[in-house]
Amino acid sequence: MLGRLAVVSEGKIIAYIPDPKSLVISGRLEPAWLPVFYNPAMEFNRDLSVIILSVYIDKYAPHKPVNIVEPLAATGIRCLRYAVEVEGVNKVYCGDIDVKAYRLIEANIGLNNLWDKIIHTLSEANAYMYKLKAIGVPILVVDIDPYGSPAPFINASLNLIGNMGLLMVTATDTAVLEGSKRLKALRRYQINTYKIPQSREVAVRALIGYIARVAAGHDKWIKPLLSAYIDYYIRIYLLIGRSARKAQEMLDKDIGYAYYCKDLAYVTTDPNINDNIKCHNKIMLGPLWTGDIFDGNLLEEVTSRLELYSYIGTYKRIVRLLEVLRGEAKIQRYIHQRLDAIASTLKTKTPPRDKAIEALISRGFKATPTHFTPTGLRTDAPPNVLIDTLFLTS
Ligand SMILES: C[S@@+](CC[C@H](N)C(=O)[O-])C[C@H]1O[C@@H](n2cnc3c(N)ncnc32)[C@H](O)[C@@H]1O
């Protein structure tokens, strides 16, 4: 039923996966072709999640040990890793709708002898989460890692998660969130969006904004701990709290719009964009999350513990990402700008990013690289200063 299997090792576990060699077609392997989904490129996502989940349980969880649900688990590799590598975990509830996945999860629980920690189920994800709620299993952590959009699973996740819980979400439908498929974005996330040079950050804020609006319907609020655009997908980690008053405050304070000035390729969440620059072609994108997308304290905490995780496969990449995110967290209310896009509207050369950042800092402004793109930076400098600096450094 499962075909030929191979064994991989990731983090501190080993796992059966469908043998990729039997499925290479014209020299190419697409993870979705496997009888059970397994993507080695997502190791980074799993590695990062092991670390963030560990810090969440230690620093934020209201009680320990915690129960976790991963209702779209495929091989179950993520469930295995949470059960073995994260301290303070009681049970991992690991489900998938596909019977082959269910069998493989079972085999992997046996391979790692985790019968006392992982409960596996053959179920549709939403049905599973509503059932756990109905039978009264207390759940603090939900990990939604689908192929495509997480939108169909957000309501059930928010319904299930206990007060001060953690919701981890992957979205691979970035073309939709980034505005290349506008009608789909409107249907799926109820947002009006367009493709702009800064679309990667707009996409992250669109996804968080969508989850915040759904959470408000449950009288719950969210607080982003870490948000990242990695390779071709978005990964976000949100603290979830219960309070109608805070949910209302969140909507009033943290949901808004981005205003994009086509003449200058400049984006801001400030509706008074015309006070700072003459903008004839302005478009509005949203509603989006305009609040913080990183928790600076969490990033410092994670960084201080990183050495504990030097065993993980993508350790060096995580160290590099965190360094950039810590800088971004300090000026995160300002959406990043793209030096190449602005330079092109000004018909000048793109300056080296480091040089532009140095020049802005020497003029008394804050400026830092962004992980969203190698030609992007965050700064609190007004657009006229940015333009001036760009001409000076290009
Ligand atoms: C991208 S894979 C999950 C990868 C896994 N989280 C990992 O880290 O390797 C998505 C999985 O979701 C399962 N799936 C799709 N729709 C589902 C649904 N409505 N309910 C439960 N599982 C579903 C698929 O069978 C597939 O195994």
# chains A, B, ... in the order shown; residues from 1 in each chain; ligands from 1

$ residues_around --residues "Glu328 in chain A" --least-positions-apart "6" --cutoff "8 Å" --atoms "only C-alpha atoms" --output "PyMOL selection string"
chain A and resi 368-370+378

$ write_last_selection --atoms "C-alpha atoms" --output "mmCIF file, in the first residue's frame"
data_model
loop_
_atom_site.group_PDB
_atom_site.id
_atom_site.type_symbol
_atom_site.label_atom_id
_atom_site.label_comp_id
_atom_site.auth_asym_id
_atom_site.auth_seq_id
_atom_site.Cartn_x
_atom_site.Cartn_y
_atom_site.Cartn_z
ATOM 1 C CA THR A 368 18.143 47.817 8.911
ATOM 2 C CA PRO A 369 18.115 45.038 6.295
ATOM 3 C CA THR A 370 14.969 42.958 5.880
ATOM 4 C CA ARG A 378 13.327 49.049 6.845
#

$ residues_near_ligand --ligand "ligand 1" --cutoff "10 Å" --atoms "only C-alpha atoms and all ligand atoms" --output "MDAnalysis selection string"
chainID A and resid 17 31:32 34:43 45:46 70:81 94:102 121:129 143:148 150 152:153 170:172

$ select_by_dssp --residues "range 116-334 of chain A" --states "helix (DSSP H, G or I)" --output "number ranges by chain"
A: 125-134, 151-160, 174-177, 182-189, 199-217, 244-254, 273-276, 296-309, 315-330

$ closest_atom_pairs --of "range 59-84 of chain A" --to "range 217-241 of chain A" --cutoff "12 Å" --atoms "only C-alpha atoms" --output "CSV"
residue,atom,partner,partner_atom,distance
A:Lys59,CA,A:Leu239,CA,11.7
A:Tyr60,CA,A:Leu239,CA,8.5
A:Ala61,CA,A:Leu239,CA,9.5
A:Pro62,CA,A:Gly241,CA,10.8

$ residues_around --residues "range 304-315 of chain A" --least-positions-apart "6" --cutoff "7 Å" --atoms "only C-alpha atoms" --output "list of chain:residue names"
A:Gly11, A:Phe44, A:Asp47

$ write_last_selection --atoms "N, CA and C atoms" --output "PDB file, in the first residue's frame"
ATOM      1  N   GLY A  11      16.700  16.119  12.802  1.00  0.00           N
ATOM      2  CA  GLY A  11      16.723  16.454  14.228  1.00  0.00           C
ATOM      3  C   GLY A  11      17.144  15.233  15.015  1.00  0.00           C
ATOM      4  N   PHE A  44      13.768  23.192   7.296  1.00  0.00           N
ATOM      5  CA  PHE A  44      14.009  24.489   7.936  1.00  0.00           C
ATOM      6  C   PHE A  44      12.775  24.932   8.735  1.00  0.00           C
ATOM      7  N   ASP A  47      12.614  22.715  11.791  1.00  0.00           N
ATOM      8  CA  ASP A  47      13.684  23.076  12.740  1.00  0.00           C
ATOM      9  C   ASP A  47      13.313  24.345  13.514  1.00  0.00           C
TER      10      ASP A  47
END

$ atom_distance --atom1 "CA of Ile283 in chain A" --atom2 "CA of Leu390 in chain A"
23.4 Å

$ residues_around --residues "Ile331 in chain A" --least-positions-apart "2" --cutoff "9 Å" --atoms "only C-alpha atoms" --output "PDB file with N, CA, C and O atoms, in the first residue's frame"
ATOM      1  N   GLY A 327      17.010  42.754  14.040  1.00  0.00           N
ATOM      2  CA  GLY A 327      17.140  44.132  13.547  1.00  0.00           C
ATOM      3  C   GLY A 327      15.785  44.650  13.075  1.00  0.00           C
ATOM      4  O   GLY A 327      15.373  45.763  13.407  1.00  0.00           O
ATOM      5  N   GLU A 328      15.076  43.821  12.329  1.00  0.00           N
ATOM      6  CA  GLU A 328      13.772  44.243  11.785  1.00  0.00           C
ATOM      7  C   GLU A 328      12.779  44.565  12.892  1.00  0.00           C
ATOM      8  O   GLU A 328      11.971  45.485  12.775  1.00  0.00           O
ATOM      9  N   ALA A 329      12.846  43.759  13.977  1.00  0.00           N
ATOM     10  CA  ALA A 329      11.876  43.925  15.070  1.00  0.00           C
ATOM     11  C   ALA A 329      11.937  45.331  15.662  1.00  0.00           C
ATOM     12  O   ALA A 329      10.940  45.846  16.167  1.00  0.00           O
ATOM     13  N   ARG A 333       7.222  48.701  12.552  1.00  0.00           N
ATOM     14  CA  ARG A 333       6.005  49.397  12.140  1.00  0.00           C
ATOM     15  C   ARG A 333       6.144  49.999  10.737  1.00  0.00           C
ATOM     16  O   ARG A 333       5.165  50.366  10.111  1.00  0.00           O
ATOM     17  N   TYR A 334       7.385  50.148  10.281  1.00  0.00           N
ATOM     18  CA  TYR A 334       7.612  50.677   8.938  1.00  0.00           C
ATOM     19  C   TYR A 334       7.777  49.510   7.975  1.00  0.00           C
ATOM     20  O   TYR A 334       8.709  48.731   8.113  1.00  0.00           O
ATOM     21  N   ILE A 335       6.859  49.382   7.030  1.00  0.00           N
ATOM     22  CA  ILE A 335       6.974  48.316   6.029  1.00  0.00           C
ATOM     23  C   ILE A 335       8.281  48.506   5.265  1.00  0.00           C
ATOM     24  O   ILE A 335       8.720  49.647   5.064  1.00  0.00           O
ATOM     25  N   LYS A 366      16.837  55.448  11.782  1.00  0.00           N
ATOM     26  CA  LYS A 366      17.051  54.017  11.966  1.00  0.00           C
ATOM     27  C   LYS A 366      16.944  53.344  10.609  1.00  0.00           C
ATOM     28  O   LYS A 366      16.110  53.739   9.790  1.00  0.00           O
ATOM     29  N   ALA A 367      17.758  52.325  10.382  1.00  0.00           N
ATOM     30  CA  ALA A 367      17.663  51.580   9.119  1.00  0.00           C
ATOM     31  C   ALA A 367      18.270  50.201   9.336  1.00  0.00           C
ATOM     32  O   ALA A 367      19.249  50.049  10.062  1.00  0.00           O
ATOM     33  N   THR A 368      17.663  49.195   8.713  1.00  0.00           N
ATOM     34  CA  THR A 368      18.143  47.817   8.911  1.00  0.00           C
ATOM     35  C   THR A 368      17.737  46.963   7.709  1.00  0.00           C
ATOM     36  O   THR A 368      16.718  47.252   7.066  1.00  0.00           O
ATOM     37  N   ARG A 378      14.332  48.350   6.037  1.00  0.00           N
ATOM     38  CA  ARG A 378      13.327  49.049   6.845  1.00  0.00           C
ATOM     39  C   ARG A 378      13.962  50.320   7.365  1.00  0.00           C
ATOM     40  O   ARG A 378      15.111  50.296   7.815  1.00  0.00           O
ATOM     41  N   THR A 379      13.209  51.399   7.357  1.00  0.00           N
ATOM     42  CA  THR A 379      13.742  52.646   7.909  1.00  0.00           C
ATOM     43  C   THR A 379      12.602  53.542   8.383  1.00  0.00           C
ATOM     44  O   THR A 379      11.491  53.454   7.859  1.00  0.00           O
ATOM     45  N   ASP A 380      12.935  54.387   9.367  1.00  0.00           N
ATOM     46  CA  ASP A 380      11.944  55.369   9.800  1.00  0.00           C
ATOM     47  C   ASP A 380      12.163  56.706   9.085  1.00  0.00           C
ATOM     48  O   ASP A 380      11.485  57.685   9.383  1.00  0.00           O
TER      49      ASP A 380
END

$ residues_around --residues "Lys347 in chain A" --least-positions-apart "4" --cutoff "12 Å" --atoms "only C-alpha atoms" --output "list in words"
Asp263, Leu264, Leu339, Asp340, Ala341, Ile342, Ala343, Ile387, Leu390, Phe391 and Ser394 of chain A

$ atom_distance --atom1 "CA of His280 in chain A" --atom2 "CA of Lys262 in chain A"
8.0 Å

$ residues_around --residues "Val84 in chain A" --least-positions-apart "3" --cutoff "12 Å" --atoms "only C-alpha atoms" --output "tab-separated table (two decimals) with C-alpha atoms, in the first residue's frame"
chain	number	residue	atom	x	y	z
A	10	GLU	CA	16.01	14.75	10.90
A	11	GLY	CA	16.72	16.45	14.23
A	12	LYS	CA	16.69	13.71	16.86
A	13	ILE	CA	14.31	11.31	15.11
A	14	ILE	CA	14.30	8.91	12.19
A	50	VAL	CA	11.02	23.01	17.27
A	54	SER	CA	10.33	25.11	23.03
A	77	ILE	CA	7.72	13.73	10.96
A	78	ARG	CA	6.77	17.02	12.65
A	79	CYS	CA	4.77	15.22	15.36
A	80	LEU	CA	7.77	12.96	16.04
A	81	ARG	CA	10.10	15.91	16.35
A	87	GLU	CA	10.49	19.68	26.57
A	88	GLY	CA	7.17	20.11	28.36
A	89	VAL	CA	5.06	18.19	25.83
A	90	ASN	CA	2.35	15.88	27.14
A	91	LYS	CA	0.74	14.41	24.01
A	92	VAL	CA	0.97	15.14	20.31
A	109	ILE	CA	5.55	6.10	15.90
A	112	ASN	CA	10.78	5.81	17.31
A	113	ASN	CA	8.87	3.99	20.05
A	114	LEU	CA	6.66	6.97	20.83
A	115	TRP	CA	3.41	5.14	21.61
A	116	ASP	CA	3.08	6.92	24.96
A	117	LYS	CA	3.49	10.41	23.43
A	118	ILE	CA	1.76	10.45	20.03
